[in-house]
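As provided, my_file.txt (compact mmCIF, C-alpha atoms and all ligand atoms) reads as follows.
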```
# COMPACT_ATOMS: atom_id res chain seq x y z
CA MET A 1 1.29 -50.98 -38.24
CA THR A 2 4.43 -48.88 -38.00
CA GLU A 3 8.12 -49.59 -37.96
CA ASP A 4 9.88 -48.79 -34.72
CA SER A 5 12.76 -46.32 -34.29
CA VAL A 6 10.63 -43.58 -35.82
CA ASN A 7 12.42 -40.26 -35.87
CA PRO A 8 10.66 -37.14 -34.63
CA GLY A 9 9.01 -35.13 -37.36
CA GLY A 10 10.06 -31.85 -38.87
CA GLY A 11 7.36 -29.75 -40.50
CA GLY A 12 7.79 -26.15 -41.49
CA SER A 13 8.23 -24.49 -44.82
CA ARG A 14 12.01 -24.05 -44.83
CA ILE A 15 13.62 -27.36 -45.66
CA GLU A 16 16.95 -28.01 -43.99
CA HIS A 17 18.79 -30.87 -45.64
CA PRO A 18 21.64 -31.79 -43.29
CA ALA A 19 23.61 -33.48 -46.08
CA LEU A 20 23.32 -30.54 -48.50
CA PRO A 21 26.68 -28.89 -47.71
CA ALA A 22 28.63 -32.15 -48.05
CA ALA A 23 26.74 -33.16 -51.20
CA ALA A 24 27.19 -29.69 -52.71
CA ALA A 25 30.92 -29.86 -52.06
CA ALA A 26 31.11 -33.25 -53.81
CA ILE A 27 29.15 -32.29 -56.95
CA GLY A 28 30.85 -30.54 -59.85
CA ARG A 29 27.70 -30.37 -61.97
CA MET A 30 24.44 -32.25 -61.47
CA LEU A 31 22.47 -33.66 -64.39
CA VAL A 32 18.80 -34.37 -63.62
CA LEU A 33 17.28 -36.43 -66.41
CA GLY A 34 13.56 -35.58 -66.27
CA GLY A 35 12.71 -32.15 -64.88
CA GLY A 36 9.39 -33.25 -63.41
CA TYR A 37 8.06 -33.14 -59.85
CA THR A 38 10.99 -34.76 -58.06
CA GLY A 39 13.68 -33.60 -60.47
CA ARG A 40 12.79 -29.94 -60.03
CA ARG A 41 12.67 -30.27 -56.27
CA LEU A 42 16.21 -31.69 -56.17
CA ALA A 43 17.41 -29.05 -58.61
CA ALA A 44 15.96 -26.26 -56.45
CA ALA A 45 17.72 -27.57 -53.32
CA LEU A 46 21.07 -27.83 -55.09
CA GLU A 47 20.76 -24.47 -56.86
CA ALA A 48 20.06 -22.82 -53.49
CA ALA A 49 23.47 -24.15 -52.40
CA GLY A 50 25.15 -22.78 -55.53
CA VAL A 51 25.53 -26.13 -57.34
CA PRO A 52 25.26 -25.95 -61.15
CA VAL A 53 22.34 -28.13 -62.31
CA LEU A 54 21.19 -29.26 -65.75
CA LEU A 55 17.55 -30.39 -66.02
CA THR A 56 16.03 -32.03 -69.08
CA HIS A 57 12.63 -31.29 -70.57
CA ARG A 58 10.37 -32.45 -73.37
CA ARG A 59 7.69 -29.80 -73.10
CA PRO A 60 8.49 -26.07 -73.49
CA VAL A 61 10.17 -24.61 -70.40
CA PRO A 62 8.08 -22.00 -68.54
CA SER A 63 9.11 -18.54 -69.74
CA GLY A 64 11.28 -16.68 -67.24
CA ASP A 65 12.77 -19.89 -65.82
CA ALA A 66 16.50 -19.19 -65.97
CA ARG A 67 17.60 -22.69 -64.96
CA GLY A 68 19.95 -24.85 -67.01
CA TRP A 69 17.31 -26.64 -69.08
CA LEU A 70 18.33 -29.03 -71.86
CA PRO A 71 15.95 -30.61 -74.37
CA PHE A 72 15.89 -34.41 -74.03
CA ASP A 73 13.30 -36.29 -76.05
CA PRO A 74 14.78 -39.38 -77.69
CA ASP A 75 11.51 -40.14 -79.52
CA GLN A 76 11.89 -36.80 -81.33
CA GLY A 77 15.66 -37.07 -81.75
CA ALA A 78 16.31 -34.29 -79.20
CA LEU A 79 19.52 -35.33 -77.44
CA PRO A 80 22.19 -33.36 -75.60
CA GLY A 81 25.72 -33.44 -76.99
CA GLU A 82 28.94 -34.09 -75.13
CA ALA A 83 29.70 -30.37 -74.84
CA ASP A 84 26.29 -29.72 -73.22
CA LEU A 85 27.12 -32.18 -70.45
CA ALA A 86 30.72 -31.15 -69.84
CA GLY A 87 31.64 -31.25 -66.17
CA VAL A 88 28.71 -33.45 -65.10
CA SER A 89 29.83 -35.43 -62.05
CA HIS A 90 26.51 -36.74 -60.68
CA VAL A 91 23.31 -37.86 -62.44
CA LEU A 92 19.76 -38.47 -61.21
CA VAL A 93 17.43 -40.35 -63.58
CA THR A 94 13.74 -39.68 -62.92
CA ILE A 95 12.46 -40.84 -66.33
CA PRO A 96 10.28 -43.97 -66.29
CA PRO A 97 10.34 -46.72 -68.95
CA ASP A 98 8.91 -45.63 -72.30
CA GLY A 99 5.71 -46.98 -73.85
CA GLY A 100 7.61 -49.99 -75.15
CA GLY A 101 9.05 -50.76 -71.70
CA ARG A 102 12.58 -49.62 -72.60
CA ASP A 103 14.73 -47.13 -70.73
CA PRO A 104 14.81 -43.87 -72.72
CA VAL A 105 18.10 -42.73 -71.17
CA LEU A 106 20.11 -45.91 -71.62
CA GLY A 107 18.76 -46.27 -75.13
CA SER A 108 20.17 -42.92 -76.20
CA LEU A 109 22.81 -41.67 -73.76
CA GLU A 110 24.59 -44.71 -72.34
CA ALA A 111 27.84 -44.25 -74.28
CA LEU A 112 27.92 -40.53 -73.49
CA LEU A 113 27.33 -41.20 -69.79
CA HIS A 114 30.28 -43.60 -69.77
CA ARG A 115 32.52 -40.93 -71.30
CA LEU A 116 31.44 -38.46 -68.60
CA ALA A 117 32.48 -41.03 -65.96
CA PRO A 118 30.14 -39.70 -63.25
CA ALA A 119 30.91 -40.46 -59.61
CA TRP A 120 27.26 -41.35 -58.91
CA VAL A 121 24.11 -42.19 -60.85
CA GLY A 122 20.81 -42.42 -58.98
CA TYR A 123 17.94 -44.21 -60.72
CA LEU A 124 14.43 -43.55 -59.35
CA SER A 125 12.50 -46.80 -59.52
CA THR A 126 9.39 -48.11 -57.78
CA THR A 127 8.52 -50.54 -55.01
CA GLY A 128 6.07 -51.99 -57.57
CA VAL A 129 8.94 -54.35 -58.50
CA TYR A 130 8.06 -56.35 -55.35
CA GLY A 131 4.54 -57.09 -56.57
CA ASP A 132 1.77 -57.98 -54.13
CA THR A 133 2.71 -59.23 -50.66
CA GLY A 134 -0.78 -59.18 -49.15
CA GLY A 135 0.28 -56.28 -46.91
CA ALA A 136 3.55 -57.81 -45.65
CA TRP A 137 6.68 -55.67 -45.32
CA VAL A 138 9.28 -55.68 -48.10
CA ASP A 139 12.87 -54.53 -47.89
CA GLU A 140 15.84 -54.51 -50.26
CA THR A 141 16.46 -58.21 -49.69
CA SER A 142 12.89 -59.23 -50.61
CA PRO A 143 12.34 -61.09 -53.87
CA THR A 144 11.14 -59.05 -56.84
CA ARG A 145 7.92 -60.47 -58.24
CA PRO A 146 6.36 -57.70 -60.34
CA LEU A 147 2.83 -58.51 -61.44
CA LEU A 148 1.93 -55.40 -63.41
CA VAL A 149 3.33 -55.02 -66.91
CA ARG A 150 4.72 -51.58 -66.08
CA SER A 151 6.50 -52.97 -63.00
CA GLN A 152 7.98 -55.80 -65.06
CA ALA A 153 9.31 -53.16 -67.47
CA ARG A 154 10.69 -51.24 -64.51
CA LEU A 155 12.54 -54.26 -63.20
CA ALA A 156 14.00 -54.86 -66.67
CA CYS A 157 15.17 -51.22 -66.75
CA GLU A 158 16.71 -51.58 -63.28
CA GLN A 159 18.61 -54.62 -64.53
CA ALA A 160 19.75 -52.75 -67.63
CA TRP A 161 21.09 -49.93 -65.45
CA ARG A 162 22.85 -52.48 -63.27
CA ARG A 163 24.43 -54.10 -66.35
CA SER A 164 25.57 -50.72 -67.69
CA GLY A 165 28.56 -50.76 -65.35
CA LEU A 166 27.88 -47.13 -64.35
CA PRO A 167 28.03 -46.43 -60.58
CA VAL A 168 24.25 -46.79 -60.22
CA GLN A 169 22.20 -46.72 -57.06
CA LEU A 170 18.65 -48.02 -57.55
CA LEU A 171 16.28 -45.97 -55.39
CA ARG A 172 12.89 -47.69 -55.05
CA LEU A 173 9.95 -45.43 -54.24
CA PRO A 174 6.33 -45.91 -53.13
CA ALA A 175 3.76 -43.16 -53.86
CA ILE A 176 5.33 -39.70 -53.90
CA TYR A 177 3.48 -36.79 -52.29
CA GLY A 178 4.27 -33.26 -51.19
CA PRO A 179 3.42 -29.65 -52.06
CA GLY A 180 1.26 -29.57 -55.17
CA ARG A 181 0.63 -33.34 -55.08
CA ASN A 182 -1.43 -34.51 -52.12
CA PRO A 183 -4.99 -35.45 -51.12
CA MET A 184 -5.84 -31.94 -49.97
CA LEU A 185 -5.76 -30.93 -53.63
CA SER A 186 -8.16 -33.70 -54.67
CA LEU A 187 -10.49 -32.79 -51.79
CA ARG A 188 -10.47 -29.15 -52.86
CA SER A 189 -11.11 -30.02 -56.48
CA GLY A 190 -13.92 -32.43 -55.57
CA THR A 191 -12.14 -35.44 -57.13
CA ALA A 192 -11.20 -37.20 -53.87
CA ARG A 193 -12.74 -40.65 -53.30
CA LEU A 194 -13.04 -42.31 -49.90
CA ILE A 195 -12.63 -45.95 -50.79
CA HIS A 196 -12.56 -48.75 -48.26
CA LYS A 197 -10.87 -52.05 -49.04
CA PRO A 198 -10.36 -54.14 -45.91
CA GLY A 199 -6.69 -54.66 -45.05
CA GLN A 200 -5.41 -52.48 -47.90
CA VAL A 201 -2.52 -50.09 -47.17
CA PHE A 202 -0.26 -47.85 -49.25
CA SER A 203 3.28 -46.76 -48.53
CA ARG A 204 4.39 -43.27 -49.40
CA VAL A 205 7.32 -40.88 -49.29
CA HIS A 206 7.44 -37.10 -49.14
CA VAL A 207 9.26 -35.56 -52.12
CA ASP A 208 11.61 -33.68 -49.79
CA ASP A 209 12.67 -36.97 -48.21
CA ILE A 210 13.58 -38.23 -51.69
CA VAL A 211 15.68 -35.09 -52.11
CA GLY A 212 17.16 -35.46 -48.61
CA ALA A 213 17.99 -39.14 -49.14
CA VAL A 214 19.58 -38.45 -52.54
CA LEU A 215 21.79 -35.77 -50.96
CA HIS A 216 22.58 -38.13 -48.08
CA CYS A 217 23.66 -40.86 -50.53
CA ILE A 218 25.81 -38.46 -52.55
CA ALA A 219 27.52 -37.29 -49.36
CA LEU A 220 28.38 -40.88 -48.34
CA PRO A 221 31.66 -42.49 -49.39
CA ALA A 222 31.08 -44.62 -52.51
CA GLU A 223 31.78 -47.85 -50.64
CA ALA A 224 29.07 -47.04 -48.07
CA ARG A 225 26.32 -46.69 -50.70
CA PRO A 226 24.12 -49.78 -51.07
CA ASP A 227 23.32 -50.61 -54.68
CA THR A 228 19.59 -50.75 -53.88
CA LEU A 229 17.72 -48.58 -51.42
CA ILE A 230 14.05 -48.11 -50.54
CA LEU A 231 13.04 -44.51 -49.80
CA ALA A 232 9.79 -44.58 -47.81
CA ASP A 233 8.28 -43.19 -44.64
CA THR A 234 7.64 -45.39 -41.61
CA PHE A 235 3.85 -45.53 -41.70
CA PRO A 236 2.05 -47.35 -44.51
CA CYS A 237 -1.68 -46.92 -43.99
CA PRO A 238 -5.06 -46.96 -45.75
CA SER A 239 -5.67 -44.07 -48.15
CA SER A 240 -8.87 -43.32 -46.22
CA GLU A 241 -6.76 -42.48 -43.15
CA ILE A 242 -4.68 -39.85 -44.93
CA LEU A 243 -7.82 -38.44 -46.58
CA GLY A 244 -9.33 -38.09 -43.11
CA LEU A 245 -6.43 -35.94 -41.95
CA ALA A 246 -6.54 -33.94 -45.20
CA ALA A 247 -10.23 -33.13 -44.57
CA HIS A 248 -9.47 -32.22 -40.97
CA LEU A 249 -6.64 -29.86 -41.97
CA LEU A 250 -8.85 -28.17 -44.56
CA GLY A 251 -11.91 -28.15 -42.29
CA CYS A 252 -14.05 -29.71 -45.00
CA ARG A 253 -16.33 -32.73 -45.30
CA LEU A 254 -15.18 -36.12 -46.47
CA PRO A 255 -16.88 -37.64 -49.50
CA GLU A 256 -19.20 -40.59 -48.92
CA VAL A 257 -17.37 -43.83 -48.20
CA GLN A 258 -17.44 -46.32 -51.08
CA ARG A 259 -16.74 -50.03 -50.84
CA TYR A 260 -13.94 -51.14 -53.15
CA GLU A 261 -15.92 -54.09 -54.47
CA ASP A 262 -18.74 -51.75 -55.47
CA VAL A 263 -16.55 -49.33 -57.44
CA ALA A 264 -13.67 -51.45 -58.75
CA ALA A 265 -15.36 -52.42 -62.00
CA ALA A 266 -15.92 -48.77 -62.92
CA MET A 267 -12.34 -47.70 -62.15
CA GLY A 268 -9.86 -46.96 -64.92
CA PRO A 269 -7.11 -49.55 -65.45
CA MET A 270 -4.43 -47.37 -63.79
CA ALA A 271 -6.48 -46.77 -60.62
CA ARG A 272 -7.47 -50.43 -60.43
CA SER A 273 -3.84 -51.50 -60.77
CA PHE A 274 -2.88 -49.39 -57.73
CA TRP A 275 -5.54 -51.11 -55.65
CA SER A 276 -4.54 -54.57 -56.92
CA GLU A 277 -1.34 -54.67 -54.84
CA ASN A 278 -0.89 -54.41 -51.09
CA ARG A 279 2.52 -54.13 -49.43
CA ARG A 280 4.44 -52.19 -46.80
CA ALA A 281 7.81 -50.79 -47.90
CA SER A 282 10.50 -50.67 -45.22
CA SER A 283 13.13 -47.91 -45.16
CA ARG A 284 15.15 -49.40 -42.30
CA ARG A 285 18.29 -49.66 -44.42
CA LEU A 286 18.08 -45.95 -45.21
CA ARG A 287 17.35 -44.92 -41.63
CA ASP A 288 19.16 -47.44 -39.45
CA ASP A 289 22.10 -48.52 -41.60
CA LEU A 290 22.77 -45.25 -43.43
CA GLY A 291 21.64 -42.89 -40.66
CA TYR A 292 19.20 -40.83 -42.74
CA ARG A 293 16.75 -38.93 -40.55
CA LEU A 294 13.36 -38.63 -42.27
CA LEU A 295 11.99 -35.09 -42.44
CA TYR A 296 8.47 -36.58 -42.56
CA PRO A 297 8.39 -39.96 -40.75
CA THR A 298 4.63 -40.30 -41.34
CA TYR A 299 1.95 -38.67 -43.49
CA ARG A 300 0.89 -36.65 -40.45
CA GLU A 301 3.94 -34.37 -40.46
CA GLY A 302 4.13 -34.52 -44.24
CA LEU A 303 0.55 -33.45 -44.90
CA ALA A 304 0.61 -30.79 -42.19
CA SER A 305 3.66 -29.27 -43.88
CA CYS A 306 1.67 -28.94 -47.13
CA SER A 307 -1.42 -27.38 -45.54
CA GLY A 308 0.16 -23.90 -45.59
CA ASP A 309 -0.43 -23.89 -49.36
CA PHE A 310 -4.18 -23.71 -48.73
CA PHE A 311 -4.51 -20.82 -46.28
N1 LIG Z 401 4.60 -40.48 -58.79
C1 LIG Z 401 4.72 -41.50 -57.94
O1 LIG Z 401 3.96 -41.62 -56.96
C2 LIG Z 401 5.82 -42.50 -58.15
C3 LIG Z 401 5.89 -43.64 -57.34
C4 LIG Z 401 6.95 -44.53 -57.51
C5 LIG Z 401 7.91 -44.29 -58.50
N2 LIG Z 401 7.79 -43.19 -59.28
C6 LIG Z 401 8.83 -42.94 -60.31
O2 LIG Z 401 9.73 -41.98 -59.79
C7 LIG Z 401 10.24 -41.17 -60.86
C8 LIG Z 401 10.00 -39.70 -60.55
O3 LIG Z 401 8.61 -39.50 -60.36
P1 LIG Z 401 7.97 -38.04 -60.58
O4 LIG Z 401 6.58 -38.15 -60.07
O5 LIG Z 401 8.89 -36.98 -60.06
O6 LIG Z 401 7.95 -38.00 -62.19
P2 LIG Z 401 7.38 -36.86 -63.15
O7 LIG Z 401 6.93 -35.65 -62.41
O8 LIG Z 401 6.39 -37.52 -64.07
O9 LIG Z 401 8.69 -36.48 -64.00
C9 LIG Z 401 9.24 -37.37 -64.92
C10 LIG Z 401 10.04 -36.56 -65.91
O10 LIG Z 401 10.53 -37.47 -66.93
C11 LIG Z 401 10.21 -36.93 -68.22
N3 LIG Z 401 9.99 -38.03 -69.14
C12 LIG Z 401 9.06 -39.02 -69.02
N4 LIG Z 401 9.17 -39.88 -70.05
C13 LIG Z 401 10.17 -39.41 -70.84
C14 LIG Z 401 10.74 -39.86 -72.07
N5 LIG Z 401 10.29 -40.98 -72.69
N6 LIG Z 401 11.75 -39.15 -72.60
C15 LIG Z 401 12.19 -38.02 -72.00
N7 LIG Z 401 11.69 -37.54 -70.83
C16 LIG Z 401 10.69 -38.23 -70.27
C17 LIG Z 401 8.95 -36.14 -68.00
O11 LIG Z 401 8.79 -35.22 -69.03
P3 LIG Z 401 7.32 -34.63 -69.38
O12 LIG Z 401 7.04 -33.64 -68.30
O13 LIG Z 401 7.49 -34.04 -70.72
O14 LIG Z 401 6.38 -35.82 -69.35
C18 LIG Z 401 9.24 -35.49 -66.65
O15 LIG Z 401 10.07 -34.36 -66.78
C19 LIG Z 401 9.55 -41.66 -62.13
O16 LIG Z 401 10.36 -42.60 -62.78
C20 LIG Z 401 8.30 -42.34 -61.60
O17 LIG Z 401 7.80 -43.33 -62.47
C21 LIG Z 401 6.78 -42.28 -59.14
```
Will you turn the file into structure tokens for me?
Amino acid sequence: MTEDSVNPGGGGSRIEHPALPAAAAAIGRMLVLGGGYTGRRLAAALEAAGVPVLLTHRRPVPSGDARGWLPFDPDQGALPGEADLAGVSHVLVTIPPDGGGRDPVLGSLEALLHRLAPAWVGYLSTTGVYGDTGGAWVDETSPTRPLLVRSQARLACEQAWRRSGLPVQLLRLPAIYGPGRNPMLSLRSGTARLIHKPGQVFSRVHVDDIVGAVLHCIALPAEARPDTLILADTFPCPSSEILGLAAHLLGCRLPEVQRYEDVAAAMGPMARSFWSENRRASSRRLRDDLGYRLLYPTYREGLASCSGDFF
């Protein structure tokens, strides 16, 4: 099942973000809290446009990386000071709730963020806050009924960000994939599993569409930014379907198909929790209302764009 008004795809290795010039002009200094997969990708796009970016880390920064890294590890008391964050105008939070379900950023930096008075704060959340819909579509108006403990913590963190009074946009994400994080890697490493659960689908979003949508939101006038936005592609589908294309692109065999009911009991709790919920995440508000054109409307363009890493 797909959503209509699908935009044509755009593969290729050079990513053109149409909103980058306008976003770059609006940003004085970007603070990315959590220099992980998505945070680094956004930082790279902005740095290429000459925007100063600060990225936070807990682990040691790779040697030779000249970016503006700042240590941020509240559990260890590593916090940036006001002078470190001078000039920050926009903030993206990619850090999930901590082990106790609390938001590590609000718990340690909320007062400082208020003093910085940023024009925009993006908070990366998850479509897990909608819980299980038995495969039905959800959008930003759907009720939140998180079933998993980690999704309940996420919803509580969303609400805490909302209460903070900062100019927060909640950006809800399904599974993130892209270069360095996709099923071609698990096929190559021999860890891929071809699991069949009747009726089960997963939604996903390419990391460069998260970056593109963030830039698009920053470039919009503040009054045009919805307070909650789903970032997803148009084509939720079974994981076996995307694994099939991954095997085709690599020219390799698929693993043996396994029935979910035969393997569920032996799965780890995290894997089982992913399979316990079934929903389709709609990005119509992003595409139709805000006019964002997905770079990768389905996994087909998205996965093909990653296959260059393998040859
Ligand atoms: N991955 C998915 O498919 C998916 C789906 C839906 C939503 N999301 C959410 O979207 C956001 C971005 O995802 P991502 O895959 O880009 O994340 P990621 O690669 O795991 O990066 C998260 C960053 O946050 C840092 N961090 C985590 N906990 C922290 C803490 N307690 N204190 C300080 N720093 C902390 C991590 O540091 P370390 O590197 O030191 O751990 C890392 O730099 C996350 O909130 C994630 O939960 C992800």
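With the cut-off set to 6 Å and only C-alpha atoms and all ligand atoms counted, the residues surrounding ligand LIG 401 (chain Z) are A:Gly34, A:Gly35, A:Gly36, A:Tyr37, A:Thr38, A:Gly39, A:His57, A:Arg58, A:Arg59, A:Phe72, A:Asp73, A:Pro74, A:Thr94, A:Ile95, A:Pro96, A:Asp98, A:Pro104, A:Leu124, A:Ser125, A:Thr126, A:Leu173, A:Pro174, A:Ala175, A:Ile176.
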May I have a table of the residues of segment 64-137 of chain A lying at most 12 Å from segment 224-244 of chain A, giving each one's closest pair of atoms and their distance in Å to one decimal, counting all atoms listed in the file, ordered by chain and ascending residue number, as JSON lines?
```
{"residue": "A:Ala119", "atom": "CA", "partner": "A:Arg225", "partner_atom": "CA", "distance": 11.8}
{"residue": "A:Trp120", "atom": "CA", "partner": "A:Arg225", "partner_atom": "CA", "distance": 9.8}
{"residue": "A:Val121", "atom": "CA", "partner": "A:Asp227", "partner_atom": "CA", "distance": 10.5}
{"residue": "A:Gly122", "atom": "CA", "partner": "A:Asp227", "partner_atom": "CA", "distance": 9.6}
{"residue": "A:Tyr123", "atom": "CA", "partner": "A:Thr228", "partner_atom": "CA", "distance": 9.6}
{"residue": "A:Leu124", "atom": "CA", "partner": "A:Leu231", "partner_atom": "CA", "distance": 9.7}
{"residue": "A:Ser125", "atom": "CA", "partner": "A:Ile230", "partner_atom": "CA", "distance": 9.2}
{"residue": "A:Thr126", "atom": "CA", "partner": "A:Ile230", "partner_atom": "CA", "distance": 8.6}
{"residue": "A:Thr127", "atom": "CA", "partner": "A:Ile230", "partner_atom": "CA", "distance": 7.5}
{"residue": "A:Gly128", "atom": "CA", "partner": "A:Ile230", "partner_atom": "CA", "distance": 11.3}
{"residue": "A:Val129", "atom": "CA", "partner": "A:Ile230", "partner_atom": "CA", "distance": 11.3}
{"residue": "A:Tyr130", "atom": "CA", "partner": "A:Ile230", "partner_atom": "CA", "distance": 11.3}
{"residue": "A:Gly135", "atom": "CA", "partner": "A:Pro236", "partner_atom": "CA", "distance": 9.4}
{"residue": "A:Ala136", "atom": "CA", "partner": "A:Pro236", "partner_atom": "CA", "distance": 10.6}
{"residue": "A:Trp137", "atom": "CA", "partner": "A:Pro236", "partner_atom": "CA", "distance": 9.6}
```
For the selection you just gave me, I'd like the residues written to a file as a PDB file, keeping the file's coordinate frame, keeping C-alpha atoms.
```
ATOM      1  CA  ALA A 119      30.910 -40.460 -59.610  1.00  0.00           C
ATOM      2  CA  TRP A 120      27.260 -41.350 -58.910  1.00  0.00           C
ATOM      3  CA  VAL A 121      24.110 -42.190 -60.850  1.00  0.00           C
ATOM      4  CA  GLY A 122      20.810 -42.420 -58.980  1.00  0.00           C
ATOM      5  CA  TYR A 123      17.940 -44.210 -60.720  1.00  0.00           C
ATOM      6  CA  LEU A 124      14.430 -43.550 -59.350  1.00  0.00           C
ATOM      7  CA  SER A 125      12.500 -46.800 -59.520  1.00  0.00           C
ATOM      8  CA  THR A 126       9.390 -48.110 -57.780  1.00  0.00           C
ATOM      9  CA  THR A 127       8.520 -50.540 -55.010  1.00  0.00           C
ATOM     10  CA  GLY A 128       6.070 -51.990 -57.570  1.00  0.00           C
ATOM     11  CA  VAL A 129       8.940 -54.350 -58.500  1.00  0.00           C
ATOM     12  CA  TYR A 130       8.060 -56.350 -55.350  1.00  0.00           C
ATOM     13  CA  GLY A 135       0.280 -56.280 -46.910  1.00  0.00           C
ATOM     14  CA  ALA A 136       3.550 -57.810 -45.650  1.00  0.00           C
ATOM     15  CA  TRP A 137       6.680 -55.670 -45.320  1.00  0.00           C
TER      16      TRP A 137
END
```
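Atom to atom, atom CA of Val51 of chain A and atom CA of Cys157 of chain A stand 28.7 Å apart.
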Env of segment 264-276 of chain A: 12 Å cut, atoms = all atoms listed in the file, seq-sep filter 2 positions within chain, self excluded. Answer as a ChimeraX atom specification. /A:127-128,131-135,146-151,174-175,193,195-203,238-239,258-262,278-279
For Arg115 of chain A, list every protein, DNA or RNA residue within 12 Å, evaluated using only C-alpha atoms, and leave out those in the same chain fewer than 2 positions away; present the list as a ChimeraX atom specification. /A:81-83,85-89,109-113,117-119,166
Between atom CA of Glu47 of chain A and atom CA of Trp161 of chain A, distance in Å (one decimal): 26.9 Å
Please measure the separation of atom CA of Ala219 of chain A and atom CA of Ala45 of chain A, giving the value in Å to one decimal. 14.4 Å
Mind checking which residues fall within 12 Å of Cys306 of chain A, counting all atoms listed in the file, ignoring those fewer than 2 positions away in the same chain, and posting them as an MDAnalysis selection string? chainID A and resid 11:14 177:185 206:208 245:246 249:250 296 299:304 308:311
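Closest approach to Ala49 of chain A among A:Pro21, A:Pro97, A:Pro255, A:Gly77 is made by A:Pro21 (distances from all atoms listed in the file).
You can rank A:Glu140, A:Glu277, A:Glu223, A:Asp209 by their closest distance to Pro297 of chain A using all atoms listed in the file, and at the top of that list sits A:Asp209.
Candidate residues A:Leu92, A:Leu155, A:Cys252, A:Leu220 were compared for distance to Val168 of chain A, and the nearest is A:Leu92, using all atoms listed in the file.
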Long-range neighbours of Trp69 of chain A as a VMD selection string, 9 Å cut-off, only C-alpha atoms, 5 positions minimum in chain: chain A and resid 35 53 to 57 61
Those residues you just picked out, can you put them in a file as a compact mmCIF listing (two decimals), in the frame of the given file with C-alpha atoms?
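What ended up in result32.txt:
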```
# COMPACT_ATOMS: atom_id res chain seq x y z
CA GLY A 35 12.71 -32.15 -64.88
CA VAL A 53 22.34 -28.13 -62.31
CA LEU A 54 21.19 -29.26 -65.75
CA LEU A 55 17.55 -30.39 -66.02
CA THR A 56 16.03 -32.03 -69.08
CA HIS A 57 12.63 -31.29 -70.57
CA VAL A 61 10.17 -24.61 -70.40
```
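The list of residues with at least one atom within 8 Å of Asp139 of chain A, based on all atoms listed in the file and without residues fewer than 6 positions apart in the same chain, reads Ile230, Ala281, Ser282, Ser283 and Arg284 of chain A.
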Dump N, CA and C atoms of segment 214-226 of chain A from the given block, as a PDB file, in the first residue's frame.
```pdb
ATOM      1  N   VAL A 214      14.738  18.732   7.808  1.00  0.00           N
ATOM      2  CA  VAL A 214      15.185  19.676   8.850  1.00  0.00           C
ATOM      3  C   VAL A 214      15.542  21.024   8.208  1.00  0.00           C
ATOM      4  N   LEU A 215      16.284  20.983   7.122  1.00  0.00           N
ATOM      5  CA  LEU A 215      16.663  22.233   6.439  1.00  0.00           C
ATOM      6  C   LEU A 215      15.408  22.946   5.919  1.00  0.00           C
ATOM      7  N   HIS A 216      14.477  22.166   5.388  1.00  0.00           N
ATOM      8  CA  HIS A 216      13.226  22.724   4.871  1.00  0.00           C
ATOM      9  C   HIS A 216      12.471  23.437   6.001  1.00  0.00           C
ATOM     10  N   CYS A 217      12.392  22.803   7.170  1.00  0.00           N
ATOM     11  CA  CYS A 217      11.690  23.420   8.304  1.00  0.00           C
ATOM     12  C   CYS A 217      12.390  24.700   8.750  1.00  0.00           C
ATOM     13  N   ILE A 218      13.712  24.661   8.822  1.00  0.00           N
ATOM     14  CA  ILE A 218      14.453  25.855   9.266  1.00  0.00           C
ATOM     15  C   ILE A 218      14.218  27.009   8.288  1.00  0.00           C
ATOM     16  N   ALA A 219      14.111  26.677   7.004  1.00  0.00           N
ATOM     17  CA  ALA A 219      13.944  27.727   5.989  1.00  0.00           C
ATOM     18  C   ALA A 219      12.525  28.309   5.976  1.00  0.00           C
ATOM     19  N   LEU A 220      11.582  27.605   6.607  1.00  0.00           N
ATOM     20  CA  LEU A 220      10.195  28.112   6.626  1.00  0.00           C
ATOM     21  C   LEU A 220      10.061  29.262   7.624  1.00  0.00           C
ATOM     22  N   PRO A 221       9.109  30.163   7.407  1.00  0.00           N
ATOM     23  CA  PRO A 221       8.811  31.135   8.458  1.00  0.00           C
ATOM     24  C   PRO A 221       8.311  30.410   9.707  1.00  0.00           C
ATOM     25  N   ALA A 222       8.616  30.951  10.889  1.00  0.00           N
ATOM     26  CA  ALA A 222       8.287  30.262  12.141  1.00  0.00           C
ATOM     27  C   ALA A 222       6.807  29.906  12.207  1.00  0.00           C
ATOM     28  N   GLU A 223       5.941  30.789  11.718  1.00  0.00           N
ATOM     29  CA  GLU A 223       4.508  30.538  11.847  1.00  0.00           C
ATOM     30  C   GLU A 223       4.029  29.430  10.907  1.00  0.00           C
ATOM     31  N   ALA A 224       4.862  29.053   9.948  1.00  0.00           N
ATOM     32  CA  ALA A 224       4.470  27.981   9.014  1.00  0.00           C
ATOM     33  C   ALA A 224       4.946  26.608   9.483  1.00  0.00           C
ATOM     34  N   ARG A 225       5.674  26.562  10.601  1.00  0.00           N
ATOM     35  CA  ARG A 225       6.213  25.275  11.070  1.00  0.00           C
ATOM     36  C   ARG A 225       5.225  24.595  12.005  1.00  0.00           C
ATOM     37  N   PRO A 226       4.733  23.414  11.636  1.00  0.00           N
ATOM     38  CA  PRO A 226       3.850  22.689  12.561  1.00  0.00           C
ATOM     39  C   PRO A 226       4.638  22.219  13.771  1.00  0.00           C
TER      40      PRO A 226
END
```
